[in-house]
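Chemist: For reference, the structure I am asking about is given below.
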Amino acid sequence: MNYQQNYDKWIQSEKVDKATKEILATYTEEEKEFRFFAPLSFGTAGLRGTMAPGINGMNAYTVAWATQGFARYILQEGAADKGVVVGRDSRNNSDLFAKIACEVLAANGIKVYAFDDIRPTPVLSFALRFLGAAGGINITASHNPKQYNGYKVYWSDGAQISLEQAETISALIAQTDIFDDVKSCDFDEAVQNGAITMVGPDIDEKFLEAVLGERILPEPLAKAADTLKIVYTPLNGAGYRLVPEALRRMGLKHLYIVDEQMTPDGNFPTVPFPNPELPEVFALGIEKAEQVNSDLIIANDPDADRLGVMARGKNGFEVLTGNQTGALLLDYIITAYKEKGGLPEEPYAIKTIVTSELASAICQQNGVTLHNVLTGFKFIGEVINRYQKEGHGSFLFGYEESYGYLKGTHALDKDAVVASVLVCDMAAYYRAKNMTLCDALEALYQKYGFYRELTENIYMEGLDGLTRMKALMDTMRQNPPIDFDGDTVTEIRDYKTGLITDLATGATAPTGLPESNVLYYRTENDNVVVIRPSGTEPKIKVYLLLHADEPKEAEAKMAAYQKIVNSWTK
């Protein structure tokens with residue numbers, strides 16, 4: 001059907017409520033086309049979009065539609081009795097969408113475990129592993145602005161679904177009529193008859209036990225507990241309860257909360273973007289930190305799977321990027337194990353291909369195998385799963401530049417709760433050496449080289465945005481850069497074709513990773529440029545992963561690379 005036919009179907013359907021029809025009646029022709037030309041794309045991250053009526057928006061009908069498709073997949077797999085865990089964050093309508101998902105699953109005869117309140121995303125991953133469930137659904141849009149919501153789908157291993165599963169579920173959704181084929185039931189009745197089981201504090205206790213069990217060197221924090229001061233903010237999200245509880249249980253005595261950002265609130269009244277990657281979200285945290293003379297400020301995104309850190313440096317509080325925090329944690333974990341008695345057998349770490357190459361230097365020097373995977377934490381989970389099935393290897397740490405970290409296998413998704421615990425332990429460890437985390441980062445650069453990373457976003461919004469994004473990617477494939485500021489490109493990895501090409505010899509080899517619309521360039525000096533379309537926003541993302549022997553040289557190189565990237569759209 002075309003967009004007008006889709007629109008007419010909604011406006012005429014008896015199953016669409018009056019309030020929704022009133023909004024539909026106000027749509028301009030352009031809004032009709034945007035909301036009804038195609039449904040929200042269902043991928044490995046499920047669904048994500050702005051909340052509005054129409055097949056291209058997050059609303060009660062598209063959530064029920066997606067859940068019916070997922071229910072059909074569960075039934076095909078014969079996993080109805082194992083059940084599905086349904087969680088949610090603090091966003092507007094997350095409670096409604098989670099309830100709808102539960103009702104559809106239960107109506108299809110699938111056992112449902114529903115959280116009794118909002119929870120961090122890693123708790124959902126943990127819970128479905130702990131309960132032996134077939135899969136999970138989490139209603140969250142992560143760090144997007146308040147007008148967004150989303151629908152993440154997980155499988156029994158606790159990781160987000162694979163590419164193949166996403167394609168199968170997407171096909172099942174497409175075969176389902178959004179109104180006539182969707183089953184539902186009454187939530188309260190389903191709870192009463194046992195079709196829906198409420199999940200509460202018992203799971204929280206097991207989760208916290210697992211998180212605190214990932215600590216390696218608790219002694220430094222015990223010694224620093226009387227003086228170490230931490231400011232925490234959940235940014236009005238789901239981390240408001242379990243993160244402070246974990247920090248208190250580990251022995252932190254001086255934990256200060258940003259009161260204005262403590263209460264869960266989907267309007268995120270103190271920040272336009274509840275994203276701990278953005279320095280501006282720390283404004284209230286800095287005020288609190290200056291008042292109490294804090295050492296660190298820790299922030300989570302609304303579903304508490306991402307962690308942002310600001311550390312006190314020589315000139316006040318300094319932002320630690322996701323790459324920097326990840327490298328510090330990786331080095332600390334390796335160091336802590338060595339001080340504890342040695343690295344475990346066959347140690348390995350995992351990062352994404354767009355994450356700093358500093359991790360490569362750290363792992364190489366310490367005898368740790370490093371795996372590079374595609375963007376998305378599910379790929380980190382896949383590597384862990386492979387090792388576990390083969391029965392060998394010791395997982396040390398996994399992370400991505402977008403502020404996601406994991407130690408342990410209690411969950412197979414990024415976990416800001418365990419990351420918060422580890423950052424506090426790390427701060428105490430360096431405090432014992434009269435060092436701040438800023439000092440520790442500088443020491444890391446002195447040891448391994450001065451690594452600099454930057455992500456350039458090329459926005460392509462509007463109805464023709466996808467077309468323009470495709471055109472740029474096609475251009476880069478047909479006319480690839482031969483050098484960056486005189487640094488010759490020696491290797492191109494095209495993850496869409498699955499080939500690595502050595503430009504000196506013309507020889508090719510498989511990437512060994514799944515197909516993805518990503519281009520990767522490595523230069524003769526081992527600098528890396530990665531280009532890919534965003535999976536959740538209308539933009540091309542360009543990752544610059546550079547290094548040099550001196551900081552000024554690294555900064556100059558970054559400026560030159562930026563200039564080249566900015567020229568691509570002119």
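By convention here, the chains of the structure tokens are called A, B, ... in the order presented, each chain's residues are numbered starting at 1, and ligands are numbered starting at 1 in the order presented.
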So that I can see what lies close to Gln324 of chain A, please list as a compact mmCIF listing (two decimals) with N, CA and C atoms, in the first residue's frame the residues with an atom at most 12 Å from it, counting only C-alpha atoms and leaving out residues fewer than 6 positions away in the same chain.

Modeler:
```txt
# COMPACT_ATOMS: atom_id res chain seq x y z
N GLU A 277 27.23 11.04 27.05
CA GLU A 277 28.34 11.38 26.15
C GLU A 277 28.51 12.89 26.01
N LEU A 307 27.64 4.70 30.64
CA LEU A 307 28.26 5.39 31.77
C LEU A 307 29.13 6.53 31.26
N GLY A 308 28.89 7.73 31.78
CA GLY A 308 29.75 8.87 31.50
C GLY A 308 30.49 9.27 32.77
N VAL A 309 31.73 9.74 32.61
CA VAL A 309 32.57 10.08 33.77
C VAL A 309 33.23 11.43 33.56
N MET A 310 33.23 12.25 34.62
CA MET A 310 34.07 13.44 34.68
C MET A 310 34.97 13.29 35.90
N ALA A 311 36.25 13.56 35.71
CA ALA A 311 37.22 13.40 36.79
C ALA A 311 37.88 14.74 37.10
N GLU A 318 37.26 17.32 34.20
CA GLU A 318 37.52 17.03 32.80
C GLU A 318 36.69 15.82 32.35
N LEU A 330 40.20 -1.11 30.96
CA LEU A 330 40.89 -2.28 30.43
C LEU A 330 42.27 -2.42 31.07
N ASP A 331 43.02 -1.32 31.10
CA ASP A 331 44.36 -1.36 31.69
C ASP A 331 44.29 -1.65 33.19
N THR A 355 36.19 1.67 17.92
CA THR A 355 36.72 2.01 19.23
C THR A 355 38.24 2.16 19.16
N SER A 356 38.78 3.03 19.98
CA SER A 356 40.19 3.41 19.97
C SER A 356 41.15 2.23 19.83
N GLU A 357 42.17 2.43 19.01
CA GLU A 357 43.22 1.43 18.84
C GLU A 357 44.16 1.39 20.04
N LEU A 358 43.96 2.26 21.02
CA LEU A 358 44.74 2.17 22.26
C LEU A 358 44.54 0.81 22.91
N ALA A 359 43.33 0.27 22.78
CA ALA A 359 43.06 -1.06 23.34
C ALA A 359 43.97 -2.11 22.73
N TYR A 399 34.10 -3.39 25.49
CA TYR A 399 33.59 -2.02 25.50
C TYR A 399 33.50 -1.45 24.10
N GLU A 400 32.75 -0.37 24.00
CA GLU A 400 32.60 0.37 22.75
C GLU A 400 32.73 1.86 23.04
N GLU A 401 33.11 2.61 22.01
CA GLU A 401 33.36 4.04 22.19
C GLU A 401 32.15 4.82 22.66
N SER A 402 30.95 4.28 22.43
CA SER A 402 29.73 4.99 22.79
C SER A 402 29.32 4.73 24.25
N TYR A 403 30.34 4.63 25.12
CA TYR A 403 30.15 4.64 26.58
C TYR A 403 29.49 3.38 27.12
N GLY A 404 29.68 2.25 26.43
CA GLY A 404 29.15 0.98 26.91
C GLY A 404 30.26 0.05 27.33
N TYR A 405 30.14 -0.57 28.53
CA TYR A 405 31.20 -1.41 29.10
C TYR A 405 30.60 -2.65 29.75
N VAL A 423 34.68 1.75 38.06
CA VAL A 423 35.27 3.09 38.00
C VAL A 423 35.61 3.59 39.40
N LEU A 437 42.21 10.11 38.03
CA LEU A 437 42.01 9.38 36.78
C LEU A 437 42.58 10.16 35.60
N CYS A 438 42.62 11.48 35.71
CA CYS A 438 43.25 12.28 34.66
C CYS A 438 44.75 12.00 34.61
N ALA A 440 46.09 9.19 35.57
CA ALA A 440 46.22 7.82 35.08
C ALA A 440 46.12 7.77 33.56
N LEU A 441 45.25 8.61 33.00
CA LEU A 441 45.10 8.65 31.55
C LEU A 441 46.38 9.18 30.90
N GLU A 442 46.95 10.20 31.48
CA GLU A 442 48.19 10.75 30.94
C GLU A 442 49.30 9.71 31.00
N LEU A 444 48.89 6.56 30.81
CA LEU A 444 48.58 5.58 29.77
C LEU A 444 49.11 6.05 28.42
N TYR A 445 48.91 7.33 28.13
CA TYR A 445 49.42 7.89 26.87
C TYR A 445 50.95 7.87 26.82
N PHE A 450 50.14 8.63 22.14
CA PHE A 450 49.06 9.60 22.31
C PHE A 450 47.95 9.33 21.29
N TYR A 451 46.93 8.67 21.77
CA TYR A 451 45.79 8.28 20.93
C TYR A 451 44.70 9.34 21.04
N ARG A 452 44.14 9.67 19.89
CA ARG A 452 43.05 10.65 19.84
C ARG A 452 41.93 10.09 18.97
N GLU A 453 40.71 10.30 19.40
CA GLU A 453 39.55 9.80 18.68
C GLU A 453 38.50 10.89 18.54
N LEU A 454 37.79 10.87 17.44
CA LEU A 454 36.72 11.84 17.21
C LEU A 454 35.70 11.22 16.27
```

Chemist: Which residues are close to segment 183-189 of chain A, i.e. within 7 Å by only C-alpha atoms, leaving aside same-chain residues fewer than 4 positions away? Reply as number ranges by chain.

Modeler: A: 99, 103-104, 107-108, 193

Chemist: Looking only at the backbone, which of the residues in segment 165-282 of chain A does DSSP tag as alpha helix (DSSP H), as a VMD selection string?

Modeler: chain A and resid 165 to 174 187 to 192 201 to 212 219 to 224 242 to 249

Chemist: Would you mind exporting the chosen residues as a short mmCIF file (atom, residue, chain, number, x, y, z; two decimals), in the first residue's frame, restricted to C-alpha atoms?

Modeler:
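Saved result, result16.cif, follows:
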```cif
data_model
loop_
_atom_site.label_atom_id
_atom_site.label_comp_id
_atom_site.auth_asym_id
_atom_site.auth_seq_id
_atom_site.Cartn_x
_atom_site.Cartn_y
_atom_site.Cartn_z
CA GLN A 165 16.80 -13.44 13.85
CA ALA A 166 16.00 -9.78 13.17
CA GLU A 167 15.35 -10.56 9.51
CA THR A 168 13.07 -13.48 10.39
CA ILE A 169 11.09 -11.47 12.95
CA SER A 170 10.85 -8.52 10.56
CA ALA A 171 9.36 -10.84 7.91
CA LEU A 172 6.85 -12.20 10.43
CA ILE A 173 5.81 -8.66 11.35
CA ALA A 174 5.34 -7.82 7.66
CA PHE A 187 -3.04 -7.46 31.83
CA ASP A 188 -4.54 -7.80 35.32
CA GLU A 189 -6.43 -10.96 34.41
CA ALA A 190 -3.27 -12.45 32.93
CA VAL A 191 -1.43 -11.76 36.19
CA GLN A 192 -4.23 -13.36 38.19
CA PRO A 201 13.46 -7.38 44.29
CA ASP A 202 14.65 -10.99 44.31
CA ILE A 203 16.16 -10.53 40.84
CA ASP A 204 17.72 -7.23 41.93
CA GLU A 205 19.52 -9.00 44.77
CA LYS A 206 20.91 -11.68 42.49
CA PHE A 207 21.99 -9.04 39.99
CA LEU A 208 23.78 -6.93 42.61
CA GLU A 209 25.50 -10.04 43.97
CA ALA A 210 26.81 -10.79 40.47
CA VAL A 211 27.92 -7.19 39.87
CA LEU A 212 29.82 -6.90 43.14
CA GLU A 219 41.28 -3.13 49.31
CA PRO A 220 42.12 0.33 47.88
CA LEU A 221 38.51 1.49 48.16
CA ALA A 222 38.27 0.19 51.73
CA LYS A 223 41.31 2.32 52.59
CA ALA A 224 40.01 5.38 50.71
CA LEU A 242 20.47 0.10 41.81
CA VAL A 243 23.58 2.13 40.98
CA PRO A 244 23.65 3.99 44.34
CA GLU A 245 22.82 0.72 46.09
CA ALA A 246 25.75 -1.07 44.42
CA LEU A 247 28.14 1.76 45.32
CA ARG A 248 27.01 1.80 48.94
CA ARG A 249 27.32 -1.98 49.26
#
```

Chemist: Got a sec to tell me which of segment 94-237 of chain A DSSP assigns to strand (DSSP E), as a list in words?

Modeler: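 These are the residues in question: Val112, Tyr113, Ala114, Phe115, Gly135, Gly136, Ile137, Asn138, Ile139, Tyr148, Asn149, Gly150, Tyr151, Lys152, Val153, Tyr154, Trp155, Ile196, Thr197, Met198, Val199, Lys229, Ile230, Val231, Tyr232 and Thr233 of chain A.
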
Chemist: Take the residues from that selection and write them out as a PDB file, in the first residue's frame, keeping N, CA and C atoms.

Modeler:
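Output (again.pdb):
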```pdb
ATOM      1  N   VAL A 112       5.054 -14.961  30.439  1.00  0.00           N
ATOM      2  CA  VAL A 112       5.610 -13.613  30.510  1.00  0.00           C
ATOM      3  C   VAL A 112       6.132 -13.339  31.915  1.00  0.00           C
ATOM      4  N   TYR A 113       7.337 -12.783  31.970  1.00  0.00           N
ATOM      5  CA  TYR A 113       7.893 -12.249  33.216  1.00  0.00           C
ATOM      6  C   TYR A 113       7.931 -10.728  33.053  1.00  0.00           C
ATOM      7  N   ALA A 114       7.193 -10.005  33.879  1.00  0.00           N
ATOM      8  CA  ALA A 114       7.119  -8.550  33.766  1.00  0.00           C
ATOM      9  C   ALA A 114       7.725  -7.895  35.001  1.00  0.00           C
ATOM     10  N   PHE A 115       8.658  -6.984  34.801  1.00  0.00           N
ATOM     11  CA  PHE A 115       9.230  -6.254  35.934  1.00  0.00           C
ATOM     12  C   PHE A 115       8.164  -5.371  36.572  1.00  0.00           C
ATOM     13  N   GLY A 135      13.580 -15.236  25.676  1.00  0.00           N
ATOM     14  CA  GLY A 135      13.963 -13.935  25.144  1.00  0.00           C
ATOM     15  C   GLY A 135      13.512 -12.809  26.044  1.00  0.00           C
ATOM     16  N   GLY A 136      13.715 -11.603  25.564  1.00  0.00           N
ATOM     17  CA  GLY A 136      13.351 -10.431  26.351  1.00  0.00           C
ATOM     18  C   GLY A 136      12.978  -9.264  25.464  1.00  0.00           C
ATOM     19  N   ILE A 137      12.195  -8.363  26.020  1.00  0.00           N
ATOM     20  CA  ILE A 137      11.831  -7.113  25.363  1.00  0.00           C
ATOM     21  C   ILE A 137      12.088  -5.988  26.362  1.00  0.00           C
ATOM     22  N   ASN A 138      12.798  -4.970  25.934  1.00  0.00           N
ATOM     23  CA  ASN A 138      13.007  -3.808  26.792  1.00  0.00           C
ATOM     24  C   ASN A 138      12.513  -2.560  26.074  1.00  0.00           C
ATOM     25  N   ILE A 139      11.627  -1.834  26.745  1.00  0.00           N
ATOM     26  CA  ILE A 139      11.086  -0.604  26.170  1.00  0.00           C
ATOM     27  C   ILE A 139      11.985   0.551  26.590  1.00  0.00           C
ATOM     28  N   TYR A 148      11.516  10.377  21.794  1.00  0.00           N
ATOM     29  CA  TYR A 148      11.774   9.036  21.276  1.00  0.00           C
ATOM     30  C   TYR A 148      11.384   7.949  22.273  1.00  0.00           C
ATOM     31  N   ASN A 149      11.067   6.784  21.732  1.00  0.00           N
ATOM     32  CA  ASN A 149      11.046   5.557  22.520  1.00  0.00           C
ATOM     33  C   ASN A 149      11.461   4.415  21.601  1.00  0.00           C
ATOM     34  N   GLY A 150      11.676   3.254  22.184  1.00  0.00           N
ATOM     35  CA  GLY A 150      12.171   2.140  21.394  1.00  0.00           C
ATOM     36  C   GLY A 150      11.790   0.808  21.985  1.00  0.00           C
ATOM     37  N   TYR A 151      12.200  -0.237  21.307  1.00  0.00           N
ATOM     38  CA  TYR A 151      11.757  -1.601  21.595  1.00  0.00           C
ATOM     39  C   TYR A 151      12.922  -2.537  21.273  1.00  0.00           C
ATOM     40  N   LYS A 152      13.697  -2.891  22.304  1.00  0.00           N
ATOM     41  CA  LYS A 152      14.862  -3.758  22.102  1.00  0.00           C
ATOM     42  C   LYS A 152      14.458  -5.210  22.343  1.00  0.00           C
ATOM     43  N   VAL A 153      14.958  -6.104  21.503  1.00  0.00           N
ATOM     44  CA  VAL A 153      14.624  -7.521  21.603  1.00  0.00           C
ATOM     45  C   VAL A 153      15.887  -8.330  21.906  1.00  0.00           C
ATOM     46  N   TYR A 154      15.761  -9.250  22.858  1.00  0.00           N
ATOM     47  CA  TYR A 154      16.874 -10.083  23.311  1.00  0.00           C
ATOM     48  C   TYR A 154      16.540 -11.559  23.125  1.00  0.00           C
ATOM     49  N   TRP A 155      17.614 -12.371  23.051  1.00  0.00           N
ATOM     50  CA  TRP A 155      17.404 -13.808  22.984  1.00  0.00           C
ATOM     51  C   TRP A 155      17.916 -14.457  24.264  1.00  0.00           C
ATOM     52  N   ILE A 196       1.116 -14.069  33.380  1.00  0.00           N
ATOM     53  CA  ILE A 196       2.146 -13.053  33.582  1.00  0.00           C
ATOM     54  C   ILE A 196       2.649 -13.152  35.012  1.00  0.00           C
ATOM     55  N   THR A 197       3.942 -13.318  35.185  1.00  0.00           N
ATOM     56  CA  THR A 197       4.565 -13.370  36.504  1.00  0.00           C
ATOM     57  C   THR A 197       5.324 -12.073  36.739  1.00  0.00           C
ATOM     58  N   MET A 198       5.023 -11.419  37.841  1.00  0.00           N
ATOM     59  CA  MET A 198       5.705 -10.168  38.161  1.00  0.00           C
ATOM     60  C   MET A 198       7.090 -10.464  38.749  1.00  0.00           C
ATOM     61  N   VAL A 199       8.082  -9.713  38.299  1.00  0.00           N
ATOM     62  CA  VAL A 199       9.460  -9.875  38.746  1.00  0.00           C
ATOM     63  C   VAL A 199       9.834  -8.688  39.620  1.00  0.00           C
ATOM     64  N   LYS A 229      35.174  10.777  47.359  1.00  0.00           N
ATOM     65  CA  LYS A 229      33.838  11.356  47.195  1.00  0.00           C
ATOM     66  C   LYS A 229      33.394  11.232  45.735  1.00  0.00           C
ATOM     67  N   ILE A 230      32.176  10.724  45.568  1.00  0.00           N
ATOM     68  CA  ILE A 230      31.623  10.496  44.234  1.00  0.00           C
ATOM     69  C   ILE A 230      30.267  11.194  44.120  1.00  0.00           C
ATOM     70  N   VAL A 231      30.054  11.894  43.025  1.00  0.00           N
ATOM     71  CA  VAL A 231      28.731  12.466  42.716  1.00  0.00           C
ATOM     72  C   VAL A 231      28.102  11.602  41.634  1.00  0.00           C
ATOM     73  N   TYR A 232      26.823  11.268  41.818  1.00  0.00           N
ATOM     74  CA  TYR A 232      26.130  10.402  40.867  1.00  0.00           C
ATOM     75  C   TYR A 232      24.839  11.032  40.390  1.00  0.00           C
ATOM     76  N   THR A 233      24.550  10.864  39.073  1.00  0.00           N
ATOM     77  CA  THR A 233      23.263  11.265  38.526  1.00  0.00           C
ATOM     78  C   THR A 233      22.747  10.213  37.555  1.00  0.00           C
TER      79      THR A 233
END
```

Chemist: What are the nearest atom pairs, with distances in Å to one decimal, for all residues of segment 155-175 of chain A that come at most 12 Å from segment 363-387 of chain A, using only C-alpha atoms, set out by chain and rising residue number as CSV?

Modeler:
```
residue,atom,partner,partner_atom,distance
A:Trp155,CA,A:Lys378,CA,10.2
A:Ser156,CA,A:Asn385,CA,11.1
A:Asp157,CA,A:Asn385,CA,7.6
A:Gly158,CA,A:Gly381,CA,8.1
A:Ala159,CA,A:Lys378,CA,5.4
A:Gln160,CA,A:Lys378,CA,5.2
A:Ile161,CA,A:Lys378,CA,7.3
A:Ser162,CA,A:Lys378,CA,7.4
A:Leu163,CA,A:Lys378,CA,9.8
```

Chemist: Please produce, as a Markdown table, a per-residue contact table for segment 386-497 of chain A versus segment 527-533 of chain A (criterion: any atom at most 12 Å away, only C-alpha atoms considered), showing the nearest atom pair and its distance in Å to one decimal, sorted by chain then residue number.

Modeler:
```
| residue | atom | partner | partner_atom | distance |
| --- | --- | --- | --- | --- |
| A:Phe450 | CA | A:Asn527 | CA | 11.9 |
| A:Tyr451 | CA | A:Asn527 | CA | 9.7 |
| A:Arg452 | CA | A:Asn527 | CA | 10.0 |
| A:Glu453 | CA | A:Val528 | CA | 9.7 |
| A:Leu454 | CA | A:Val529 | CA | 10.0 |
| A:Thr455 | CA | A:Val530 | CA | 9.4 |
| A:Glu456 | CA | A:Ile531 | CA | 9.5 |
| A:Asn457 | CA | A:Pro533 | CA | 9.5 |
| A:Ile458 | CA | A:Pro533 | CA | 9.2 |
| A:Tyr459 | CA | A:Pro533 | CA | 9.9 |
| A:Met460 | CA | A:Pro533 | CA | 10.0 |
| A:Gly465 | CA | A:Pro533 | CA | 10.8 |
| A:Leu466 | CA | A:Pro533 | CA | 9.2 |
| A:Thr467 | CA | A:Pro533 | CA | 11.5 |
| A:Arg468 | CA | A:Pro533 | CA | 10.7 |
| A:Met469 | CA | A:Pro533 | CA | 6.9 |
| A:Lys470 | CA | A:Pro533 | CA | 8.4 |
| A:Ala471 | CA | A:Pro533 | CA | 11.2 |
| A:Leu472 | CA | A:Pro533 | CA | 9.7 |
| A:Met473 | CA | A:Arg532 | CA | 7.8 |
| A:Asp474 | CA | A:Arg532 | CA | 11.4 |
| A:Thr475 | CA | A:Ile531 | CA | 11.9 |
| A:Met476 | CA | A:Ile531 | CA | 9.0 |
| A:Arg477 | CA | A:Ile531 | CA | 10.7 |
| A:Pro480 | CA | A:Ile531 | CA | 11.4 |
| A:Pro481 | CA | A:Val529 | CA | 10.4 |
| A:Asp483 | CA | A:Val529 | CA | 10.8 |
| A:Phe484 | CA | A:Val529 | CA | 9.1 |
| A:Asp485 | CA | A:Asn527 | CA | 11.2 |
| A:Gly486 | CA | A:Asn527 | CA | 11.8 |
| A:Asp487 | CA | A:Asn527 | CA | 8.4 |
| A:Thr488 | CA | A:Asn527 | CA | 9.8 |
| A:Val489 | CA | A:Asn527 | CA | 9.0 |
| A:Thr490 | CA | A:Asn527 | CA | 10.3 |
| A:Glu491 | CA | A:Val528 | CA | 9.7 |
| A:Ile492 | CA | A:Val529 | CA | 9.8 |
| A:Arg493 | CA | A:Val530 | CA | 9.2 |
| A:Asp494 | CA | A:Ile531 | CA | 10.0 |
| A:Tyr495 | CA | A:Arg532 | CA | 10.0 |
| A:Lys496 | CA | A:Arg532 | CA | 10.5 |
```

Chemist: What does the file look like for those residues with N, CA and C atoms, as a CSV table (one decimal), in the first residue's frame?

Modeler:
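See again.csv below for the written result:
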```csv
chain,number,residue,atom,x,y,z
A,450,PHE,N,50.1,8.6,22.1
A,450,PHE,CA,49.1,9.6,22.3
A,450,PHE,C,48.0,9.3,21.3
A,451,TYR,N,46.9,8.7,21.8
A,451,TYR,CA,45.8,8.3,20.9
A,451,TYR,C,44.7,9.3,21.0
A,452,ARG,N,44.1,9.7,19.9
A,452,ARG,CA,43.1,10.7,19.8
A,452,ARG,C,41.9,10.1,19.0
A,453,GLU,N,40.7,10.3,19.4
A,453,GLU,CA,39.6,9.8,18.7
A,453,GLU,C,38.5,10.9,18.5
A,454,LEU,N,37.8,10.9,17.4
A,454,LEU,CA,36.7,11.8,17.2
A,454,LEU,C,35.7,11.2,16.3
A,455,THR,N,34.4,11.5,16.5
A,455,THR,CA,33.4,11.1,15.6
A,455,THR,C,32.7,12.3,15.0
A,456,GLU,N,32.8,12.3,13.7
A,456,GLU,CA,32.1,13.4,12.9
A,456,GLU,C,30.8,12.8,12.4
A,457,ASN,N,29.7,13.6,12.6
A,457,ASN,CA,28.4,13.3,12.2
A,457,ASN,C,28.0,14.1,11.0
A,458,ILE,N,27.7,13.4,9.9
A,458,ILE,CA,27.2,14.1,8.7
A,458,ILE,C,25.7,13.9,8.6
A,459,TYR,N,24.9,14.9,9.0
A,459,TYR,CA,23.4,14.7,9.1
A,459,TYR,C,22.8,14.8,7.7
A,460,MET,N,21.8,13.9,7.5
A,460,MET,CA,21.1,13.9,6.2
A,460,MET,C,19.6,13.7,6.5
A,465,GLY,N,16.7,11.8,3.0
A,465,GLY,CA,17.9,11.5,3.8
A,465,GLY,C,18.5,10.2,3.5
A,466,LEU,N,17.7,9.1,3.4
A,466,LEU,CA,18.3,7.8,3.1
A,466,LEU,C,18.9,7.7,1.8
A,467,THR,N,18.3,8.4,0.8
A,467,THR,CA,18.9,8.4,-0.6
A,467,THR,C,20.3,9.1,-0.6
A,468,ARG,N,20.4,10.2,0.2
A,468,ARG,CA,21.7,10.9,0.2
A,468,ARG,C,22.7,10.2,1.0
A,469,MET,N,22.3,9.5,2.0
A,469,MET,CA,23.2,8.6,2.8
A,469,MET,C,23.8,7.5,1.9
A,470,LYS,N,22.9,6.9,1.1
A,470,LYS,CA,23.3,5.8,0.2
A,470,LYS,C,24.3,6.4,-0.9
A,471,ALA,N,24.0,7.6,-1.4
A,471,ALA,CA,24.8,8.2,-2.4
A,471,ALA,C,26.3,8.4,-1.9
A,472,LEU,N,26.4,8.9,-0.7
A,472,LEU,CA,27.7,9.1,-0.1
A,472,LEU,C,28.5,7.8,0.1
A,473,MET,N,27.8,6.8,0.6
A,473,MET,CA,28.5,5.5,0.8
A,473,MET,C,28.9,4.9,-0.6
A,474,ASP,N,28.0,5.1,-1.6
A,474,ASP,CA,28.4,4.6,-2.9
A,474,ASP,C,29.6,5.3,-3.5
A,475,THR,N,29.6,6.6,-3.3
A,475,THR,CA,30.8,7.4,-3.7
A,475,THR,C,32.1,7.0,-3.1
A,476,MET,N,32.0,6.7,-1.8
A,476,MET,CA,33.2,6.3,-1.1
A,476,MET,C,33.7,4.9,-1.6
A,477,ARG,N,32.8,4.1,-2.0
A,477,ARG,CA,33.2,2.8,-2.5
A,477,ARG,C,33.8,2.9,-3.9
A,480,PRO,N,37.4,5.5,-3.5
A,480,PRO,CA,38.0,5.5,-2.1
A,480,PRO,C,39.1,6.5,-2.0
A,481,PRO,N,39.3,7.1,-0.8
A,481,PRO,CA,40.5,8.0,-0.6
A,481,PRO,C,41.8,7.2,-0.7
A,483,ASP,N,44.7,8.6,0.4
A,483,ASP,CA,45.5,9.0,1.6
A,483,ASP,C,44.8,10.0,2.4
A,484,PHE,N,45.2,10.1,3.6
A,484,PHE,CA,44.7,11.1,4.6
A,484,PHE,C,45.8,12.0,5.0
A,485,ASP,N,45.8,13.2,4.5
A,485,ASP,CA,46.9,14.2,4.9
A,485,ASP,C,48.3,13.6,4.7
A,486,GLY,N,48.4,13.0,3.5
A,486,GLY,CA,49.7,12.4,3.2
A,486,GLY,C,50.0,11.0,3.7
A,487,ASP,N,49.1,10.5,4.6
A,487,ASP,CA,49.3,9.2,5.2
A,487,ASP,C,48.6,8.2,4.3
A,488,THR,N,49.3,7.4,3.5
A,488,THR,CA,48.8,6.6,2.5
A,488,THR,C,47.9,5.5,3.0
A,489,VAL,N,46.7,5.3,2.4
A,489,VAL,CA,45.8,4.2,2.8
A,489,VAL,C,46.4,2.9,2.2
A,490,THR,N,46.6,2.0,3.1
A,490,THR,CA,47.2,0.7,2.7
A,490,THR,C,46.2,-0.5,2.7
A,491,GLU,N,45.1,-0.3,3.4
A,491,GLU,CA,44.1,-1.4,3.5
A,491,GLU,C,42.7,-0.8,3.6
A,492,ILE,N,41.8,-1.4,2.8
A,492,ILE,CA,40.4,-1.1,2.9
A,492,ILE,C,39.6,-2.3,3.3
A,493,ARG,N,38.7,-2.2,4.3
A,493,ARG,CA,37.8,-3.3,4.6
A,493,ARG,C,36.4,-2.8,4.3
A,494,ASP,N,35.8,-3.5,3.4
A,494,ASP,CA,34.4,-3.3,3.1
A,494,ASP,C,33.5,-4.4,3.7
A,495,TYR,N,32.9,-4.0,4.8
A,495,TYR,CA,32.1,-5.1,5.5
A,495,TYR,C,30.8,-5.4,4.8
A,496,LYS,N,30.5,-4.7,3.7
A,496,LYS,CA,29.3,-5.0,3.0
A,496,LYS,C,29.6,-6.2,2.0
```

Chemist: Taking only C-alpha atoms into account, name the residue in A:Gln4, A:Ser125, A:Thr511, A:Gln147 that is nearest to Met51 of chain A.

Modeler: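 Closest to Met51 of chain A, using only C-alpha atoms: A:Gln147.
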
Chemist: For atom CA of Ala225 of chain A and atom CA of Ile362 of chain A, quote the distance in Å rounded to one decimal.

Modeler: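 Between these atoms lies a distance of 29.2 Å.
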
Chemist: If we count only C-alpha atoms, what is near Gly535 of chain A at a cut-off of 10 Å, once residues fewer than 2 positions away on the same chain are taken out, given as a PyMOL selection string?

Modeler: chain A and resi 41+43-45+48+375-376+532-533+537-541

Chemist: If I take atom CA of Ala548 of chain A and atom CA of Ile482 of chain A, how far is one from the other in Å, to one decimal?

Modeler: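 Going from atom CA of Ala548 of chain A over to atom CA of Ile482 of chain A covers 20.3 Å.
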